[in-house]
Amino acid sequence: MRNARISRNWLWGVGLNALAAFSALILAMWTLERIRPLPPLPTPLPTSTPVPTPTPRQPFTYTVQPGDTLLSIAARFQVSLDALLQANGLSAESIIYPGQVLWISPDNPTPPFIPQSPTASPWSSPAFEKIGLRIREVKSPGDPAAEALVLVNEGATISLAGWRIRDEEGNQFTFPALTLWTGSSVTVHTREGRNSATDLYWGRREAVWRPGERGVLEDPEGKPVLEFSIPGLP
């Protein structure tokens, strides 16, 4: 009987020990589960920032001021000297003058084409369309103190050095070294005076032009380029 009691106690102790060991194993597994580090979050892929498209700067005009040079104008408007020269049909040796209008073309060295209707002149022949020169006005014909001929350039920039103006009586004016820019004009006065980029002086004391008289503009080779007549009755 005593042996049976001892056996039961021994079995009971073994069961308690097994239960305690199992409980310890469960607790250890639960603890490991709790302290296991979480997997790292995925690193987001970098997104590219869209680069804004710059708005192209539009060409514009600039009127030359006293003291300006081609290099200073290019630096002022942040364009290359080559682009400035190309946009205006100039070379590095070209001379600019106050009042001259230049194209400033930041992103496009070529000025935009603006179609224009040719303006008819009562004094000019169709020959001017080939060159772009025309007589805009003959002021006060017959009055040597006020008489003047206004020549305008509606074409490409051109050098007038050696060009001549003649009337029917053989009076002749020869142009000095002068560049006539696109859209600019020069006034040839009959009287004496000091030449400038916009005004030239024939140096005569008598009038040259009379109403109804015809005149001609010749190139340096003597080829007639433009014929015109003085308005009014002869």
# chains A, B, ... in the order shown; residues from 1 in each chain; ligands from 1
call {"tool": "select_by_dssp", "arguments": {"residues": "region 123-190 of chain A", "states": "strand (DSSP E or B)", "output": "PyMOL selection string"}}
result
chain A and resi 133-139+148-153+158-159+164-167+172-174+179-180+185-189
call {"tool": "closest_residue", "arguments": {"among": "A:Ala75, A:Ala156, A:Val208, A:Ala161", "to": "Asn88 (chain A)", "atoms": "only C-alpha atoms"}}
result
A:Ala156
call {"tool": "residues_around", "arguments": {"residues": "region 167-179 of chain A", "least_positions_apart": "2", "cutoff": "9 Å", "atoms": "only C-alpha atoms", "output": "VMD selection string"}}
result
chain A and resid 94 to 95 157 to 165 181 188 197 200 202 208 to 209 213 to 216
call {"tool": "write_last_selection", "arguments": {"atoms": "N, CA, C and O atoms", "output": "tab-separated table (two decimals), in the first residue's frame"}}
result
chain	number	residue	atom	x	y	z
A	94	SER	N	31.44	96.78	-88.60
A	94	SER	CA	30.34	97.72	-88.84
A	94	SER	C	30.32	98.82	-87.78
A	94	SER	O	30.67	98.60	-86.62
A	95	ILE	N	29.90	99.99	-88.20
A	95	ILE	CA	29.77	101.14	-87.31
A	95	ILE	C	28.30	101.41	-87.07
A	95	ILE	O	27.50	101.45	-88.01
A	157	THR	N	20.67	95.88	-95.43
A	157	THR	CA	21.69	96.89	-95.18
A	157	THR	C	22.64	96.98	-96.37
A	157	THR	O	23.06	95.97	-96.93
A	158	ILE	N	22.97	98.22	-96.76
A	158	ILE	CA	23.77	98.40	-97.97
A	158	ILE	C	24.76	99.54	-97.76
A	158	ILE	O	24.47	100.51	-97.05
A	159	SER	N	25.94	99.41	-98.35
A	159	SER	CA	26.93	100.49	-98.33
A	159	SER	C	26.72	101.37	-99.55
A	159	SER	O	26.65	100.89	-100.68
A	160	LEU	N	26.62	102.69	-99.34
A	160	LEU	CA	26.39	103.63	-100.43
A	160	LEU	C	27.68	104.30	-100.90
A	160	LEU	O	27.62	105.23	-101.71
A	161	ALA	N	28.80	103.86	-100.41
A	161	ALA	CA	30.07	104.48	-100.82
A	161	ALA	C	30.23	104.39	-102.34
A	161	ALA	O	30.17	103.31	-102.93
A	162	GLY	N	30.41	105.55	-102.99
A	162	GLY	CA	30.61	105.58	-104.44
A	162	GLY	C	29.34	105.66	-105.25
A	162	GLY	O	29.40	105.83	-106.48
A	163	TRP	N	28.16	105.53	-104.62
A	163	TRP	CA	26.90	105.69	-105.35
A	163	TRP	C	26.73	107.16	-105.73
A	163	TRP	O	27.28	108.06	-105.08
A	164	ARG	N	25.91	107.41	-106.75
A	164	ARG	CA	25.76	108.78	-107.26
A	164	ARG	C	24.29	109.11	-107.51
A	164	ARG	O	23.50	108.23	-107.89
A	165	ILE	N	23.96	110.38	-107.34
A	165	ILE	CA	22.66	110.94	-107.72
A	165	ILE	C	22.91	111.97	-108.82
A	165	ILE	O	23.76	112.86	-108.66
A	181	TRP	N	21.30	101.39	-93.11
A	181	TRP	CA	20.75	100.21	-92.48
A	181	TRP	C	19.30	99.97	-92.89
A	181	TRP	O	18.62	100.87	-93.37
A	188	VAL	N	19.91	114.11	-98.26
A	188	VAL	CA	20.96	114.79	-99.01
A	188	VAL	C	20.52	116.24	-99.21
A	188	VAL	O	19.61	116.52	-99.99
A	197	ALA	N	25.74	110.70	-90.05
A	197	ALA	CA	25.21	109.40	-90.48
A	197	ALA	C	23.81	109.53	-91.07
A	197	ALA	O	23.36	108.63	-91.78
A	200	LEU	N	23.61	114.39	-95.27
A	200	LEU	CA	24.75	114.67	-96.13
A	200	LEU	C	24.51	116.00	-96.84
A	200	LEU	O	23.35	116.39	-97.06
A	202	TRP	N	25.49	118.62	-100.15
A	202	TRP	CA	26.01	118.69	-101.51
A	202	TRP	C	27.05	119.81	-101.61
A	202	TRP	O	27.98	119.74	-102.40
A	208	VAL	N	19.25	122.53	-107.11
A	208	VAL	CA	19.49	121.48	-108.10
A	208	VAL	C	18.18	121.02	-108.73
A	208	VAL	O	18.08	120.88	-109.96
A	209	TRP	N	17.17	120.82	-107.93
A	209	TRP	CA	15.95	120.18	-108.40
A	209	TRP	C	14.89	121.22	-108.77
A	209	TRP	O	14.70	122.22	-108.07
A	213	GLU	N	11.40	117.71	-113.12
A	213	GLU	CA	12.69	117.19	-113.54
A	213	GLU	C	12.84	115.74	-113.09
A	213	GLU	O	12.28	115.32	-112.09
A	214	ARG	N	13.63	115.00	-113.85
A	214	ARG	CA	13.89	113.61	-113.52
A	214	ARG	C	15.31	113.47	-112.99
A	214	ARG	O	16.21	114.20	-113.38
A	215	GLY	N	15.47	112.49	-112.08
A	215	GLY	CA	16.78	112.19	-111.54
A	215	GLY	C	17.02	110.69	-111.54
A	215	GLY	O	16.10	109.89	-111.78
A	216	VAL	N	18.25	110.29	-111.24
A	216	VAL	CA	18.60	108.88	-111.25
A	216	VAL	C	19.61	108.61	-110.13
A	216	VAL	O	20.46	109.45	-109.82
call {"tool": "select_by_dssp", "arguments": {"residues": "region 90-232 of chain A", "states": "helix (DSSP H, G or I)", "output": "list of chain:residue names"}}
result
A:Phe128, A:Glu129, A:Lys130, A:Ile131
call {"tool": "write_last_selection", "arguments": {"atoms": "N, CA, C and O atoms", "output": "compact mmCIF listing (two decimals), in the first residue's frame"}}
result
# COMPACT_ATOMS: atom_id res chain seq x y z
N PHE A 128 13.52 100.13 -107.74
CA PHE A 128 13.95 100.19 -106.34
C PHE A 128 13.62 98.90 -105.62
O PHE A 128 14.25 98.58 -104.60
N GLU A 129 12.64 98.11 -106.10
CA GLU A 129 12.23 96.90 -105.39
C GLU A 129 13.35 95.86 -105.37
O GLU A 129 13.41 95.03 -104.48
N LYS A 130 14.25 95.91 -106.36
CA LYS A 130 15.33 94.93 -106.40
C LYS A 130 16.37 95.22 -105.31
O LYS A 130 16.99 94.30 -104.80
N ILE A 131 16.57 96.50 -105.01
CA ILE A 131 17.58 96.89 -104.04
C ILE A 131 16.93 97.24 -102.70
O ILE A 131 17.47 96.95 -101.64
call {"tool": "decode", "arguments": {"residues": "region 173-192 of chain A", "atoms": "N, CA, C and O atoms", "output": "JSON list (two decimals), in the first residue's frame"}}
result
[["chain", "number", "residue", "atom", "x", "y", "z"],
["A", 173, "PHE", "N", 25.93, 114.16, -107.37],
["A", 173, "PHE", "CA", 26.36, 114.04, -105.97],
["A", 173, "PHE", "C", 26.86, 112.62, -105.76],
["A", 173, "PHE", "O", 26.16, 111.64, -106.09],
["A", 174, "THR", "N", 28.08, 112.47, -105.20],
["A", 174, "THR", "CA", 28.65, 111.16, -104.93],
["A", 174, "THR", "C", 28.62, 110.90, -103.43],
["A", 174, "THR", "O", 29.10, 111.73, -102.64],
["A", 175, "PHE", "N", 28.08, 109.76, -103.05],
["A", 175, "PHE", "CA", 27.98, 109.42, -101.63],
["A", 175, "PHE", "C", 29.35, 109.08, -101.06],
["A", 175, "PHE", "O", 30.13, 108.36, -101.69],
["A", 176, "PRO", "N", 29.62, 109.56, -99.85],
["A", 176, "PRO", "CA", 30.85, 109.13, -99.16],
["A", 176, "PRO", "C", 30.65, 107.74, -98.57],
["A", 176, "PRO", "O", 29.60, 107.10, -98.80],
["A", 177, "ALA", "N", 31.62, 107.27, -97.80],
["A", 177, "ALA", "CA", 31.49, 105.97, -97.14],
["A", 177, "ALA", "C", 30.35, 106.04, -96.13],
["A", 177, "ALA", "O", 30.45, 106.72, -95.10],
["A", 178, "LEU", "N", 29.25, 105.38, -96.44],
["A", 178, "LEU", "CA", 28.06, 105.44, -95.59],
["A", 178, "LEU", "C", 27.31, 104.12, -95.71],
["A", 178, "LEU", "O", 27.08, 103.63, -96.81],
["A", 179, "THR", "N", 26.96, 103.54, -94.57],
["A", 179, "THR", "CA", 26.13, 102.33, -94.54],
["A", 179, "THR", "C", 24.71, 102.73, -94.22],
["A", 179, "THR", "O", 24.45, 103.40, -93.22],
["A", 180, "LEU", "N", 23.79, 102.33, -95.09],
["A", 180, "LEU", "CA", 22.37, 102.64, -94.87],
["A", 180, "LEU", "C", 21.70, 101.36, -94.38],
["A", 180, "LEU", "O", 21.56, 100.38, -95.09],
["A", 181, "TRP", "N", 21.30, 101.39, -93.11],
["A", 181, "TRP", "CA", 20.75, 100.21, -92.48],
["A", 181, "TRP", "C", 19.30, 99.97, -92.89],
["A", 181, "TRP", "O", 18.62, 100.87, -93.37],
["A", 182, "THR", "N", 18.85, 98.77, -92.70],
["A", 182, "THR", "CA", 17.47, 98.43, -93.00],
["A", 182, "THR", "C", 16.52, 99.32, -92.20],
["A", 182, "THR", "O", 16.63, 99.43, -90.98],
["A", 183, "GLY", "N", 15.59, 99.96, -92.91],
["A", 183, "GLY", "CA", 14.61, 100.82, -92.25],
["A", 183, "GLY", "C", 15.10, 102.22, -91.95],
["A", 183, "GLY", "O", 14.35, 103.03, -91.39],
["A", 184, "SER", "N", 16.34, 102.55, -92.29],
["A", 184, "SER", "CA", 16.87, 103.87, -92.02],
["A", 184, "SER", "C", 16.83, 104.74, -93.27],
["A", 184, "SER", "O", 16.54, 104.28, -94.37],
["A", 185, "SER", "N", 17.15, 106.02, -93.10],
["A", 185, "SER", "CA", 17.12, 106.95, -94.22],
["A", 185, "SER", "C", 18.28, 107.92, -94.10],
["A", 185, "SER", "O", 18.88, 108.08, -93.03],
["A", 186, "VAL", "N", 18.59, 108.58, -95.21],
["A", 186, "VAL", "CA", 19.60, 109.63, -95.22],
["A", 186, "VAL", "C", 19.06, 110.78, -96.06],
["A", 186, "VAL", "O", 18.39, 110.57, -97.08],
["A", 187, "THR", "N", 19.30, 112.00, -95.60],
["A", 187, "THR", "CA", 18.83, 113.20, -96.28],
["A", 187, "THR", "C", 20.02, 113.89, -96.94],
["A", 187, "THR", "O", 21.01, 114.19, -96.27],
["A", 188, "VAL", "N", 19.91, 114.11, -98.26],
["A", 188, "VAL", "CA", 20.96, 114.79, -99.01],
["A", 188, "VAL", "C", 20.52, 116.24, -99.21],
["A", 188, "VAL", "O", 19.61, 116.52, -99.99],
["A", 189, "HIS", "N", 21.16, 117.15, -98.47],
["A", 189, "HIS", "CA", 20.84, 118.58, -98.57],
["A", 189, "HIS", "C", 21.64, 119.20, -99.71],
["A", 189, "HIS", "O", 22.81, 118.86, -99.94],
["A", 190, "THR", "N", 21.02, 120.13, -100.41],
["A", 190, "THR", "CA", 21.72, 120.81, -101.48],
["A", 190, "THR", "C", 22.76, 121.79, -100.94],
["A", 190, "THR", "O", 23.84, 121.95, -101.52],
["A", 191, "ARG", "N", 22.50, 122.43, -99.84],
["A", 191, "ARG", "CA", 23.37, 123.47, -99.28],
["A", 191, "ARG", "C", 24.63, 122.86, -98.64],
["A", 191, "ARG", "O", 24.81, 121.65, -98.60],
["A", 192, "GLU", "N", 25.45, 123.76, -98.14],
["A", 192, "GLU", "CA", 26.65, 123.34, -97.43],
["A", 192, "GLU", "C", 26.30, 122.91, -96.01],
["A", 192, "GLU", "O", 25.31, 123.35, -95.43]]
